[in-house]
Amino acid sequence: MAVISYLEAIRSAIREEMERNEDVFVLGEDVGFKGGVFGATKGLLQQFGEERVMDTPLAESAIAGVAIGAAMYGMRPIAEMQYADFMLPATNQIISEAAKIRYRSNNDWSCPVVIRAPFGGGIFGGLYHSQCPESIFFGTPGLKIVAPSTPYDVKGLLKAAIRDPDPVIFFEHKKCYQLVKGEVPDSDYIVPIGKAEVKRQGTDITVITYGLTVHFALEAAAELENEGISSHIVDLRSLQPLDKEAILEGAAKTGKVLIVHEDNKSGGVGAEVSAIISEEMLFELDAPIMRLCGPDVPAMPISPPMEKFFMLNKDKVKEAMRKLALF
Amino acid sequence: MAVISYLEAIRSAIREEMERNEDVFVLGEDVGFKGGVFGATKGLLQQFGEERVMDTPLAESAIAGVAIGAAMYGMRPIAEMQYADFMLPATNQIISEAAKIRYRSNNDWSCPVVIRAPFGGGIFGGLYHSQCPESIFFGTPGLKIVAPSTPYDVKGLLKAAIRDPDPVIFFEHKKCYQLVKGEVPDSDYIVPIGKAEVKRQGTDITVITYGLTVHFALEAAAELENEGISSHIVDLRSLQPLDKEAILEGAAKTGKVLIVHEDNKSGGVGAEVSAIISEEMLFELDAPIMRLCGPDVPAMPISPPMEKFFMLNKDKVKEAMRKLALF
Amino acid sequence: MSVGQLMKHRTLGLTDEQVIGMYEKMVLARKFDERALLLQRSGKINFHVSGIGQETAQVAAAYALKQGHDFFLPYYRDYGFVLSVGMNVKELMLSIFAKAEDPNSGGRQMPGHFGYRKLNIVTGSSPVTTQVPHAVGIALAAKMKKRDFVAFVSFGDGSSNQGDFHEGCNFAGVHKLPVIFFCENNQYAISVPYHRQIGEAKIADRALGYGFPGVRVDGNDVLEVYRVVKEARERAVNGGGPTLIEAMVYRLSPHSTSDDDLAYRTKEEVELHWKQDGIARFRQYLIECGLWNEEEERKLLENVAKEIKEATEYGEKAPYPNPEDTLLHVYADETKEA
Amino acid sequence: MSVGQLMKHRTLGLTDEQVIGMYEKMVLARKFDERALLLQRSGKINFHVSGIGQETAQVAAAYALKQGHDFFLPYYRDYGFVLSVGMNVKELMLSIFAKAEDPNSGGRQMPGHFGYRKLNIVTGSSPVTTQVPHAVGIALAAKMKKRDFVAFVSFGDGSSNQGDFHEGCNFAGVHKLPVIFFCENNQYAISVPYHRQIGEAKIADRALGYGFPGVRVDGNDVLEVYRVVKEARERAVNGGGPTLIEAMVYRLSPHSTSDDDLAYRTKEEVELHWKQDGIARFRQYLIECGLWNEEEERKLLENVAKEIKEATEYGEKAPYPNPEDTLLHVYADETKEA
Ligand SMILES: Cc1ncc(C[n+]2csc(CCOP(=O)(O)OP(=O)(O)O)c2C)c(N)n1
Ligand SMILES: Cc1ncc(C[n+]2csc(CCOP(=O)(O)OP(=O)(O)O)c2C)c(N)n1
Ligand SMILES: [Mg+2]
Ligand SMILES: [Mg+2]
C-alpha cells in the first residue's frame, strides 16, 4: 500500500489501463506535451507516444464526438475536458449520442467512452473554472456518472470506468488533486460503479454526500464525536446509477439525514437522494431530510470573500450536522 | 372570452407582443416562410416581414447565441428551437451565457431572451422528437423555465416571458398544440412567472404536476370523484423559479402527495418538489411522497407499443392517485 | 452523346455489370420510397422522410466504397446508399413499420435512422451532423490500428452549418484522417433555401479552411460522383487525408410526409428539377451504351415491384416489440439498471 | 525605411497625435501587464493572463473603430484593446484584485473577462468563442435598427476551431451583417501549436466558405492592422457584410501565470519573437518619422509608471465585495429569487 495523491491516483489508473489494453488512449486539450493543465496525464506521452496521448484542437464537441466514434469502433478512449465548465459545448454529443447509442441501436452498437472532467471550486477559479455541472447530466439514463473523494476510490473507479462497456462521466474534484492523499494497493483492483461506501459508522445522524464535501463531513464528524454526536457518513461515489440500497440503509441507520453537496441546491443530486428516501421510508425518519448545498446562484465568483461565502467547509457542514443531531 | 387552441395561444401571444413592442422579433429554423414546423408562427412573416420573423441557418448554438447578443443590445428576441431535443447544441450558450450574463457583469448587462422549445412525446416522434429535457436546465439559477398546460396559461406566461428582463425557456408540450383548447380573454393579460395554480380543489390527495400530465390528472380526478376520492391538483406552470409556497400549501391541504411528470423519474423536477416538501413539512404527511414519471430510459421509442408503455396517460395517473388515496 | 463519354464507366474501372447493378439499386430505392409515401398516405405508417432525387448520388458514392470493409455513417435520406452497401428492402420495411425485427433499431427509431453493425453502418440519430465527428473518430481508429478502411459520412446542406461539421472537419484535417465528408446539397433545409442557409458561399470551398480538397460535383451525374468519391477514397487510404464532396442534387419530395413544400417553393421549380432526374439520365446512358433496353426495364420493374410487395407484407405482418422491452438496453446486460 | 513608408500613417488618415497616442497605449498595456505578472509572483493576486506580444494588433484595431459607438467583444488578452476604447488602468487593477468597484464584474470574474456597458464593451465569459455569435446578434440589431455601428469581436487561433465560430460566421455571412471577426493568431492554444491545432490551413481562408473576405495581416505591423480593420469597418457600415481578419502575432508570455511554457516550446523560439516585438518596431517608425525621441520615451515611461503605481495602490486598497452580495443579481431586482 503506497500513499499517493488524488491526482496521482488518476495518472496511475490511466497508465495501468493503457499498459493493460492497447485500445485505451487519451485525447484532449494539452493532455500530451504539457501533460494536462493539472498534470493528470504527465509522462504518458513519453511512455505511450503522441498518438495514444493526443493533443486535440480546442473543440470539446469534437473531442467528445471523435471519442464516441472511436469507441463505437471498439477503441477505449479517455476524453479529458479541461474543466467541467467546458464540457457544455459537448452536451449534445454526450446526452444525444453517447447516452443513447446502445439504446437506439437495440444493443447493436455501444459506446465505451470515459469523459474525465475536473469540477468544483475553492481554487479562485471564478464562475467558469469552479462549476459542478453534474445536475446537467444526472437526469439522463444511459450515462454513468462517478464523483470519487479519495485516491483509493479514484483509482478503482477510473479503472472500472475505462473497462466499462458504457459511457462514463468521471468528475474529479480539482481541489482534491493535491490536497487529498491516501493509501492505494499496489496490485490491480477496481471499485464497482454504482456502489456507495460508508466512510464512517455512526448512530445519531446520517450524512450522504460525494466529492470534496465528504472530507468536510468526515472532519466535522471527528470533532462532533467530542460533543457526543455520532455521525454515519455515506460517500455516494457514483451518482448514476445511484446506490439506492446504500442510501436507504444509511438513512435507516439513524433516521436523521443530512444531504451535502457543493453544487447549488435546487435541482441537484441531493434532491433525488431526498426523494428516494421519502418515497421509500418516510415513516422511519425522526427529522426532516435536510440539504446543505451551494447557494442558488449561477456560479461562484472569484473574489475571495464571495468564494468563501459560496463554498462549503468543515464548519458549515459541522453546524448543519449539529443542528440535525439536536433536532 | 374566445376558445382557442394551445398553439393559437402561442401565436397570438407572439403577435400581440410584436405589435406592442417593435424590438420583439422571432428567429429560428423554418419559422418564417413556412410558419414553423408546427405552425406556431404562421402568418407572422406576412404581418411583420422577413426581418422580424427570421428563418435562420440550421445551427441552434447560433440561434441562441445571436439571440443572446441581440438581447444584450436591447432587443427582445424569441428564439424557436424546432424541437426541445434539438436545444442541446445550444446548451453552452443557454447555460454558460444567457443564465450568467447579469450575474457575471454585476448587473451591468442583461439578457432578456425567450427560448421556445416544443417538448414531450406521444406523437410517434421517437427518441429525438419526444424528449423532456427540462432536467438539463432546471439546476441552473439565472434561467427561468416555464411549462404551461392550458391556452390561458400559455398566452399569459409567454407574454410575461417576452416582457421578462431575464432569459426564459418556454417549454410547449407539442401534444397539447391541437388537442388542448380553452378560454382566453380578448384583452391583454399576463400570468406571472413563478406562480403555480390550483387547477382543482380537493381534500384527499394532492397531485403536483405540469405540462400534458396536468390534463391526465384532471381527467383522472373527475373519474375518481365518483369513487369518492377528492383530488387537489396543483399545476406548477413555472419550473424555475418553483412556487415553493404553492407546493407546501398544496401538500398541506391533504397530507398525501403524488408528483407526476412525463420526464424520466431520476433527477427530474419531481425530485426537487419532493425534497422541498420533506425538508419543510415532513411531519404533516400521511403518506410517502410518491412520484409517477416516465421510465428511466434514454428516451421514448417510436414503436407504438413502446411509446404507449413509456407515456403516462389518464389511467396510469388514476391508478397511482387511487393507490395514494387508499394508503 | 460523344463517343468519348460512351462507355465512360469502363475508363473509370466500372464493369458493365456494375453500372447495371447501380441502376437497379437506384430504381429499387426510388420504388421503395414511392411505396413508403403511399403507405404513409394510406395510414399504414405514421411518417416517412424521402430520398427521392438523391438516389443517383447515393448509389454512385456507395459503389466507390468498399462494402463490408469501410465504415458508413449515412443520413436519413440515404436509402439508395444503404441498399447499395447491403441492407435489403425487407429490412427497410421492418424499420418504417417499427417492428421488433428491424435491424436498425428494433423499431425504436424513426425511419431513415440507419444502423447495422454487421454491415458497418454506424447507428445514427436525429440531431443533424453529430455523425460527422463520429466518422472522424472511426477514421482515427483506422489510423491508430493501421487499417486501410475509410469512414464515409453524409449529411445535408443545412447540416453543414452545425458546429460539429466545423469541429469534425478541422480535427480530421489536422490529423489527415481517412474520412470522406459527403454533403448531399439538395438546395433546401426543410423550407429554408440554400441562399438563406449559406448565402453566396460554396460548401465545397469550406475544405480550404481545413487544409484538404473540396469538390463540388453534379449529383445527378452518376459517373462523376463515382469518380470523385473513388479518388477521395484512394487519397484517404494512401494517407492523403480527408476530402469534402458537395454533391449538387435537388429534393424532389417535400421534406417529409409532414411537410407542405408548396408553402415555400413553386410547382414549376419542382417540375423543372424532375426533368433533370438523375435516374432517367443514367438509364439513357445505359441505353446509349447498349447495356439496357425496354425489355430489361420491364423485367426490372416487375422484379422490384415483387420484391417490394413481399417486403411490405413481411414488414406489415411482423410483430411489434414487447412493450416491456422499452426497459432493455439502457446499459450493457451485466449491469442491472436496465 | 523607404520614403514611401515614411509618414505612411498620414496616407491612412491617421494624425501624428493619433499614432503617438497609439504608441502610448501599447506601452501602457505592456507595462500594466508586466506589473500584473509581478503582482502575481509576489502573491498579491492569484492569477494573471497576459497579452504581451499582442498589444500592437489590439491597439491598432481599436483605433480603426469608433469609440462609444461601435460594440466591442474583446477576449481575455485584450488589455491593449480595452485601454484604447476607454477603460483605464485603475479599472483593470480593480479587476485583477477582484474588488467591489471593478466595473467589469464587481470582482466576480477572472482578470481579462471584460465588460463595461458605458463603453460598449460587452460582458464576456471563459468558455472560448461564445462571444462570436453574440457579436453577430449585436450586428443583427444594428441592421434591424438601421444604426451605423459595427460589432467587433476578437478571439484566439485555437478558439477559431469551436463550433460557435463556424455558426456565427455563417449566420453573419448569410445576412451580410456589420461584424468584424478579429482572430489574434498567437501560434499557440496553451501548449498546442498552430500545426496541431489547424494544421496547414489558414484561418483567414475560412472566410471563403462563408462568402465574405478573409485577410491575414502581420499583427506586429501597426499601420497594416489599422488599415485592414478600417477597411473592414467601412465595408460593414456600407452594407458589405462581415470580414474575417487573422492578425499574426506571437504569445511572448506563458499562457497564464499557471503555465510553464518551456515544457512545450524553446527559449530560443521565444527570444526570436521578442526581436520582432511590434512595440519596438512602432517606436522605431515614430522616431524615423521624427515624431518620437529619447526624451519623450523617458517622460512616457515616467508617466506610465506613475499611473500604474497609483492604480495598483488604489486597486489593492479598494474594498472587496460583501460576502452576502454573492446572492445578488441572479435575476433583475423586481424578481425576488436573488
Ligand atoms: C440539431 C437539429 N436541429 C434541427 C433538426 C430538425 N431538422 C430535421 S431535418 C432538418 C433540415 C435538414 O436540412 P439539410 O441538412 O439540408 O438536409 P435535408 O433534409 O435537406 O436532406 C431540420 C432542421 C434536427 N434534426 N437536428
Ligand atoms: C470551451 C473552452 N475550452 C477550454 C478552455 C480552456 N482554455 C482557456 S484559454 C485556452 C486556449 C485558447 O487558445 P487560443 O484560442 O489560441 O487563444 P490564446 O489563449 O492563445 O490567446 C483554453 C484551451 C476554455 N476557456 N473554453
Ligand atoms: Mg438540404
Ligand atoms: Mg492562441
# chains A, B, ... in the order shown; residues from 1 in each chain; ligands from 1
$ interface_residues --of "chain B" --to "chain C" --cutoff "9 Å" --atoms "only C-alpha atoms" --output "short mmCIF file (atom, residue, chain, number, x, y, z; two decimals) with N, CA and C atoms, in the first residue's frame"
data_model
loop_
_atom_site.label_atom_id
_atom_site.label_comp_id
_atom_site.auth_asym_id
_atom_site.auth_seq_id
_atom_site.Cartn_x
_atom_site.Cartn_y
_atom_site.Cartn_z
N GLU B 29 -35.41 28.05 -37.12
CA GLU B 29 -35.45 27.28 -38.35
C GLU B 29 -36.90 27.16 -38.84
N ASP B 30 -37.15 27.60 -40.07
CA ASP B 30 -38.45 27.43 -40.71
C ASP B 30 -39.58 28.22 -40.03
N GLY B 32 -40.22 31.36 -40.60
CA GLY B 32 -40.67 32.45 -41.46
C GLY B 32 -41.65 32.01 -42.54
N PHE B 33 -41.13 31.67 -43.69
CA PHE B 33 -41.99 31.36 -44.83
C PHE B 33 -42.89 30.16 -44.56
N LYS B 34 -42.39 29.20 -43.82
CA LYS B 34 -43.20 28.02 -43.50
C LYS B 34 -44.10 28.26 -42.30
N VAL B 37 -42.58 24.44 -38.06
CA VAL B 37 -42.99 23.07 -38.42
C VAL B 37 -44.29 22.69 -37.72
N ASP B 55 -36.04 33.35 -40.77
CA ASP B 55 -35.57 31.98 -40.99
C ASP B 55 -34.05 31.96 -40.82
N THR B 56 -33.57 31.15 -39.91
CA THR B 56 -32.12 31.12 -39.66
C THR B 56 -31.50 29.89 -40.30
N PRO B 57 -30.18 29.89 -40.45
CA PRO B 57 -29.48 28.66 -40.81
C PRO B 57 -29.72 27.58 -39.73
N LEU B 58 -29.42 26.36 -40.09
CA LEU B 58 -29.64 25.20 -39.23
C LEU B 58 -28.51 25.10 -38.21
N ALA B 59 -28.58 25.91 -37.16
CA ALA B 59 -27.47 25.99 -36.22
C ALA B 59 -27.99 26.55 -34.89
N GLU B 60 -28.35 25.65 -33.99
CA GLU B 60 -29.00 26.08 -32.74
C GLU B 60 -28.10 26.92 -31.86
N SER B 61 -26.81 26.62 -31.84
CA SER B 61 -25.94 27.42 -30.97
C SER B 61 -25.90 28.86 -31.47
N ALA B 62 -25.97 29.03 -32.78
CA ALA B 62 -26.04 30.39 -33.34
C ALA B 62 -27.40 31.01 -33.09
N ASP B 85 -35.59 18.59 -28.18
CA ASP B 85 -34.48 17.65 -28.33
C ASP B 85 -33.29 18.32 -29.02
N PHE B 86 -33.58 19.33 -29.83
CA PHE B 86 -32.52 19.96 -30.61
C PHE B 86 -31.99 21.24 -29.97
N LEU B 88 -30.00 20.96 -27.51
CA LEU B 88 -28.75 20.58 -26.86
C LEU B 88 -27.50 21.19 -27.49
N PRO B 89 -27.47 21.37 -28.82
CA PRO B 89 -26.30 22.08 -29.36
C PRO B 89 -26.17 23.50 -28.81
N PHE B 124 -45.57 9.79 -31.78
CA PHE B 124 -44.75 8.91 -32.62
C PHE B 124 -43.54 9.67 -33.18
N GLY B 125 -42.86 10.36 -32.32
CA GLY B 125 -41.68 11.10 -32.74
C GLY B 125 -40.38 10.34 -32.48
N GLY B 126 -40.48 9.27 -31.73
CA GLY B 126 -39.27 8.50 -31.45
C GLY B 126 -38.35 9.22 -30.49
N LEU B 127 -37.13 8.66 -30.37
CA LEU B 127 -36.19 9.12 -29.35
C LEU B 127 -35.92 10.61 -29.39
N TYR B 128 -35.90 11.20 -30.59
CA TYR B 128 -35.38 12.56 -30.71
C TYR B 128 -36.42 13.61 -31.10
N HIS B 129 -37.68 13.23 -31.01
CA HIS B 129 -38.73 14.23 -31.23
C HIS B 129 -39.77 14.13 -30.13
N PRO B 295 -40.27 6.21 -17.46
CA PRO B 295 -39.25 5.25 -17.02
C PRO B 295 -37.84 5.79 -17.25
N ASP B 296 -36.90 5.28 -16.47
CA ASP B 296 -35.52 5.73 -16.59
C ASP B 296 -34.82 5.06 -17.77
N VAL B 297 -35.24 5.47 -18.96
CA VAL B 297 -34.56 5.05 -20.20
C VAL B 297 -34.17 6.31 -20.96
N PRO B 298 -33.23 6.20 -21.92
CA PRO B 298 -32.71 7.42 -22.55
C PRO B 298 -33.76 8.30 -23.23
N MET B 300 -38.03 7.98 -25.45
CA MET B 300 -39.08 7.01 -25.80
C MET B 300 -38.93 6.53 -27.24
N PRO B 301 -39.05 5.20 -27.41
CA PRO B 301 -39.01 4.62 -28.75
C PRO B 301 -40.25 5.00 -29.56
N ILE B 302 -40.16 4.83 -30.88
CA ILE B 302 -41.26 5.23 -31.75
C ILE B 302 -42.29 4.12 -31.93
N SER B 303 -41.87 2.88 -31.76
CA SER B 303 -42.80 1.77 -31.98
C SER B 303 -44.01 1.93 -31.06
N PRO B 304 -45.25 1.91 -31.65
CA PRO B 304 -46.44 2.24 -30.85
C PRO B 304 -46.54 1.57 -29.48
N PRO B 305 -46.32 0.23 -29.40
CA PRO B 305 -46.46 -0.35 -28.05
C PRO B 305 -45.43 0.19 -27.05
N MET B 306 -44.26 0.55 -27.57
CA MET B 306 -43.22 1.07 -26.67
C MET B 306 -43.54 2.51 -26.27
N GLU B 307 -44.01 3.30 -27.22
CA GLU B 307 -44.37 4.67 -26.86
C GLU B 307 -45.48 4.66 -25.82
N LYS B 308 -46.43 3.77 -26.03
CA LYS B 308 -47.55 3.67 -25.09
C LYS B 308 -47.04 3.26 -23.71
N PHE B 309 -46.08 2.33 -23.70
CA PHE B 309 -45.51 1.88 -22.43
C PHE B 309 -44.80 3.03 -21.72
N PHE B 310 -44.11 3.86 -22.50
CA PHE B 310 -43.34 4.97 -21.91
C PHE B 310 -44.25 6.08 -21.42
#
$ interface_residues --of "chain C" --to "chain D" --cutoff "9 Å" --atoms "only C-alpha atoms" --output "PyMOL selection string"
chain C and resi 161-167+170-171+173-175+195-212
$ select_by_dssp --residues "region 160-232 of chain A" --states "alpha helix (DSSP H)" --output "ChimeraX atom specification"
/A:160-163,176-179,213-226
$ interface_residues --of "chain B" --to "chain A" --cutoff "8 Å" --atoms "only C-alpha atoms" --output "PyMOL selection string"
chain B and resi 88-92+96+99-100+103-104+127+135-142+264-269+271-272+274-275+278-283+287-291+296-299+301
$ write_last_selection --atoms "N, CA and C atoms" --output "compact mmCIF listing (two decimals), in the first residue's frame"
# COMPACT_ATOMS: atom_id res chain seq x y z
N LEU B 88 -30.00 20.96 -27.51
CA LEU B 88 -28.75 20.58 -26.86
C LEU B 88 -27.50 21.19 -27.49
N PRO B 89 -27.47 21.37 -28.82
CA PRO B 89 -26.30 22.08 -29.36
C PRO B 89 -26.17 23.50 -28.81
N ALA B 90 -27.25 24.02 -28.25
CA ALA B 90 -27.23 25.39 -27.71
C ALA B 90 -27.04 25.42 -26.20
N THR B 91 -26.80 24.27 -25.59
CA THR B 91 -26.70 24.22 -24.12
C THR B 91 -25.65 25.19 -23.59
N ASN B 92 -24.50 25.24 -24.24
CA ASN B 92 -23.43 26.11 -23.75
C ASN B 92 -23.87 27.57 -23.80
N SER B 96 -24.04 28.62 -20.07
CA SER B 96 -22.83 29.40 -19.77
C SER B 96 -23.03 30.89 -20.02
N ALA B 99 -27.72 32.43 -18.87
CA ALA B 99 -28.02 32.32 -17.43
C ALA B 99 -27.09 33.17 -16.58
N LYS B 100 -25.92 33.53 -17.10
CA LYS B 100 -24.88 34.14 -16.25
C LYS B 100 -24.55 35.57 -16.63
N TYR B 103 -25.45 38.11 -13.85
CA TYR B 103 -24.68 37.83 -12.63
C TYR B 103 -23.20 38.17 -12.80
N ARG B 104 -22.62 37.72 -13.90
CA ARG B 104 -21.17 37.89 -14.06
C ARG B 104 -20.80 39.35 -14.29
N LEU B 127 -37.13 8.66 -30.37
CA LEU B 127 -36.19 9.12 -29.35
C LEU B 127 -35.92 10.61 -29.39
N SER B 135 -34.84 18.74 -17.14
CA SER B 135 -33.91 18.50 -16.02
C SER B 135 -32.49 18.97 -16.37
N ILE B 136 -32.19 19.09 -17.65
CA ILE B 136 -30.87 19.56 -18.06
C ILE B 136 -30.66 21.02 -17.65
N PHE B 137 -31.72 21.80 -17.70
CA PHE B 137 -31.61 23.24 -17.45
C PHE B 137 -32.10 23.64 -16.06
N PHE B 138 -32.81 22.74 -15.43
CA PHE B 138 -33.51 23.02 -14.18
C PHE B 138 -32.54 23.43 -13.06
N GLY B 139 -31.36 22.88 -13.04
CA GLY B 139 -30.42 23.14 -11.95
C GLY B 139 -29.58 24.38 -12.14
N THR B 140 -29.93 25.24 -13.10
CA THR B 140 -29.11 26.41 -13.42
C THR B 140 -29.79 27.71 -13.02
N PRO B 141 -29.47 28.28 -11.84
CA PRO B 141 -30.01 29.58 -11.47
C PRO B 141 -29.60 30.64 -12.50
N GLY B 142 -30.49 31.59 -12.72
CA GLY B 142 -30.23 32.60 -13.75
C GLY B 142 -31.17 32.40 -14.92
N ASN B 264 -38.33 11.42 -17.37
CA ASN B 264 -37.98 10.26 -16.57
C ASN B 264 -37.76 10.66 -15.12
N LYS B 265 -37.95 9.68 -14.26
CA LYS B 265 -38.02 9.95 -12.82
C LYS B 265 -36.72 10.47 -12.22
N SER B 266 -35.63 9.75 -12.42
CA SER B 266 -34.39 10.08 -11.71
C SER B 266 -33.84 11.43 -12.14
N GLY B 267 -33.67 12.31 -11.17
CA GLY B 267 -33.12 13.62 -11.46
C GLY B 267 -34.10 14.57 -12.10
N GLY B 268 -35.38 14.21 -12.09
CA GLY B 268 -36.38 15.09 -12.68
C GLY B 268 -36.80 16.20 -11.72
N VAL B 269 -37.65 17.08 -12.24
CA VAL B 269 -38.15 18.20 -11.44
C VAL B 269 -38.87 17.69 -10.18
N ALA B 271 -38.16 15.40 -8.20
CA ALA B 271 -37.26 15.13 -7.08
C ALA B 271 -37.12 16.38 -6.22
N GLU B 272 -36.97 17.53 -6.87
CA GLU B 272 -36.84 18.78 -6.11
C GLU B 272 -38.14 19.10 -5.37
N SER B 274 -40.32 17.01 -4.27
CA SER B 274 -40.37 16.08 -3.15
C SER B 274 -39.43 16.54 -2.03
N ALA B 275 -38.22 16.93 -2.42
CA ALA B 275 -37.22 17.33 -1.42
C ALA B 275 -37.68 18.57 -0.66
N SER B 278 -40.31 17.39 1.91
CA SER B 278 -39.82 16.62 3.07
C SER B 278 -38.88 17.46 3.93
N GLU B 279 -38.35 18.51 3.34
CA GLU B 279 -37.49 19.40 4.11
C GLU B 279 -38.33 20.30 5.02
N GLU B 280 -39.52 20.68 4.52
CA GLU B 280 -40.29 21.73 5.21
C GLU B 280 -41.44 21.20 6.05
N MET B 281 -42.00 20.06 5.68
CA MET B 281 -43.23 19.67 6.38
C MET B 281 -43.38 18.15 6.49
N LEU B 282 -42.24 17.50 6.70
CA LEU B 282 -42.24 16.04 6.76
C LEU B 282 -43.32 15.49 7.69
N PHE B 283 -43.47 16.14 8.85
CA PHE B 283 -44.35 15.53 9.86
C PHE B 283 -45.82 15.81 9.62
N ALA B 287 -48.60 10.09 4.11
CA ALA B 287 -48.18 9.02 3.19
C ALA B 287 -46.82 9.40 2.60
N PRO B 288 -46.08 8.41 2.17
CA PRO B 288 -44.82 8.71 1.48
C PRO B 288 -45.09 9.60 0.27
N ILE B 289 -44.12 10.43 -0.09
CA ILE B 289 -44.27 11.28 -1.27
C ILE B 289 -44.03 10.39 -2.49
N MET B 290 -45.08 10.22 -3.28
CA MET B 290 -45.00 9.32 -4.43
C MET B 290 -44.64 10.11 -5.68
N ARG B 291 -43.94 9.46 -6.61
CA ARG B 291 -43.68 10.05 -7.93
C ARG B 291 -44.13 9.07 -9.01
N ASP B 296 -36.90 5.28 -16.47
CA ASP B 296 -35.52 5.73 -16.59
C ASP B 296 -34.82 5.06 -17.77
N VAL B 297 -35.24 5.47 -18.96
CA VAL B 297 -34.56 5.05 -20.20
C VAL B 297 -34.17 6.31 -20.96
N PRO B 298 -33.23 6.20 -21.92
CA PRO B 298 -32.71 7.42 -22.55
C PRO B 298 -33.76 8.30 -23.23
N ALA B 299 -34.75 7.70 -23.86
CA ALA B 299 -35.83 8.46 -24.50
C ALA B 299 -36.85 7.47 -25.01
N PRO B 301 -39.05 5.20 -27.41
CA PRO B 301 -39.01 4.62 -28.75
C PRO B 301 -40.25 5.00 -29.56
$ residues_around --residues "Gln201 (chain B)" --least-positions-apart "3" --cutoff "10 Å" --atoms "only C-alpha atoms" --output "mmCIF file with N, CA and C atoms, in the first residue's frame"
data_model
loop_
_atom_site.group_PDB
_atom_site.id
_atom_site.type_symbol
_atom_site.label_atom_id
_atom_site.label_comp_id
_atom_site.auth_asym_id
_atom_site.auth_seq_id
_atom_site.Cartn_x
_atom_site.Cartn_y
_atom_site.Cartn_z
ATOM 1 N N VAL B 198 -53.692 26.156 -8.533
ATOM 2 C CA VAL B 198 -54.514 25.005 -8.182
ATOM 3 C C VAL B 198 -55.552 24.848 -9.281
ATOM 4 N N ASP B 204 -58.574 14.829 -0.376
ATOM 5 C CA ASP B 204 -57.991 13.523 -0.021
ATOM 6 C C ASP B 204 -56.527 13.389 -0.436
ATOM 7 N N ILE B 205 -56.232 13.736 -1.657
ATOM 8 C CA ILE B 205 -54.855 13.614 -2.156
ATOM 9 C C ILE B 205 -54.482 14.858 -2.967
ATOM 10 N N THR B 206 -53.174 15.136 -2.994
ATOM 11 C CA THR B 206 -52.665 16.268 -3.758
ATOM 12 C C THR B 206 -51.777 15.756 -4.885
ATOM 13 N N SER B 230 -61.441 12.660 -3.474
ATOM 14 C CA SER B 230 -61.385 14.084 -3.810
ATOM 15 C C SER B 230 -59.931 14.522 -4.007
ATOM 16 N N SER B 231 -59.619 14.985 -5.199
ATOM 17 C CA SER B 231 -58.214 15.266 -5.542
ATOM 18 C C SER B 231 -57.943 16.763 -5.670
ATOM 19 N N HIS B 232 -56.823 17.149 -5.126
ATOM 20 C CA HIS B 232 -56.354 18.536 -5.187
ATOM 21 C C HIS B 232 -55.222 18.583 -6.221
ATOM 22 N N ILE B 233 -55.395 19.335 -7.308
ATOM 23 C CA ILE B 233 -54.427 19.305 -8.404
ATOM 24 C C ILE B 233 -53.690 20.636 -8.522
ATOM 25 N N VAL B 234 -52.379 20.583 -8.316
ATOM 26 C CA VAL B 234 -51.549 21.778 -8.444
ATOM 27 C C VAL B 234 -50.768 21.720 -9.750
ATOM 28 N N GLY B 250 -50.227 23.138 -1.137
ATOM 29 C CA GLY B 250 -50.914 22.018 -1.776
ATOM 30 C C GLY B 250 -50.689 20.726 -1.008
ATOM 31 N N LYS B 253 -52.585 20.666 2.243
ATOM 32 C CA LYS B 253 -54.037 20.545 2.062
ATOM 33 C C LYS B 253 -54.530 19.125 2.337
#
$ residues_around --residues "Leu223 (chain C)" --least-positions-apart "5" --cutoff "8 Å" --atoms "only C-alpha atoms" --output "list in words"
Lys8, His9, Leu12 and Ala60 of chain C
$ select_by_dssp --residues "region 47-279 of chain B" --states "strand (DSSP E or B)" --output "PyMOL selection string"
chain B and resi 53-55+76-80+114-119+141+143-146+168-173+181-184+197-200+205-209+231-235+238-240+257-264
$ residues_around --residues "region 219-225 of chain A" --least-positions-apart "2" --cutoff "12 Å" --atoms "only C-alpha atoms" --output "ChimeraX atom specification"
/A:199-207,212-217,227-234,312-326
$ closest_residue --among "C:Tyr188, C:Phe71, C:Ala305, C:Val89" --to "His134 (chain C)" --atoms "only C-alpha atoms"
C:Phe71
$ residues_around --residues "Met248 (chain C)" --least-positions-apart "6" --cutoff "7 Å" --atoms "only C-alpha atoms" --output "PDB file with C-alpha atoms, in the first residue's frame"
ATOM      1  CA  GLU C 184     -25.894  15.997 -50.348  1.00  0.00           C
ATOM      2  CA  ASN C 185     -26.790  19.558 -51.241  1.00  0.00           C
ATOM      3  CA  ASN C 186     -30.445  19.294 -52.172  1.00  0.00           C
ATOM      4  CA  VAL C 217     -19.987  17.659 -58.284  1.00  0.00           C
ATOM      5  CA  ASP C 218     -23.277  17.233 -60.162  1.00  0.00           C
ATOM      6  CA  GLY C 219     -25.056  14.634 -58.045  1.00  0.00           C
TER       7      GLY C 219
END
$ atom_distance --atom1 "CA of Asp164 (chain B)" --atom2 "CA of Ile190 (chain B)"
10.9 Å
$ closest_residue --among "B:Met75, B:Leu248, B:Val168, B:Leu292" --to "Met311 (chain B)" --atoms "only C-alpha atoms"
B:Leu292
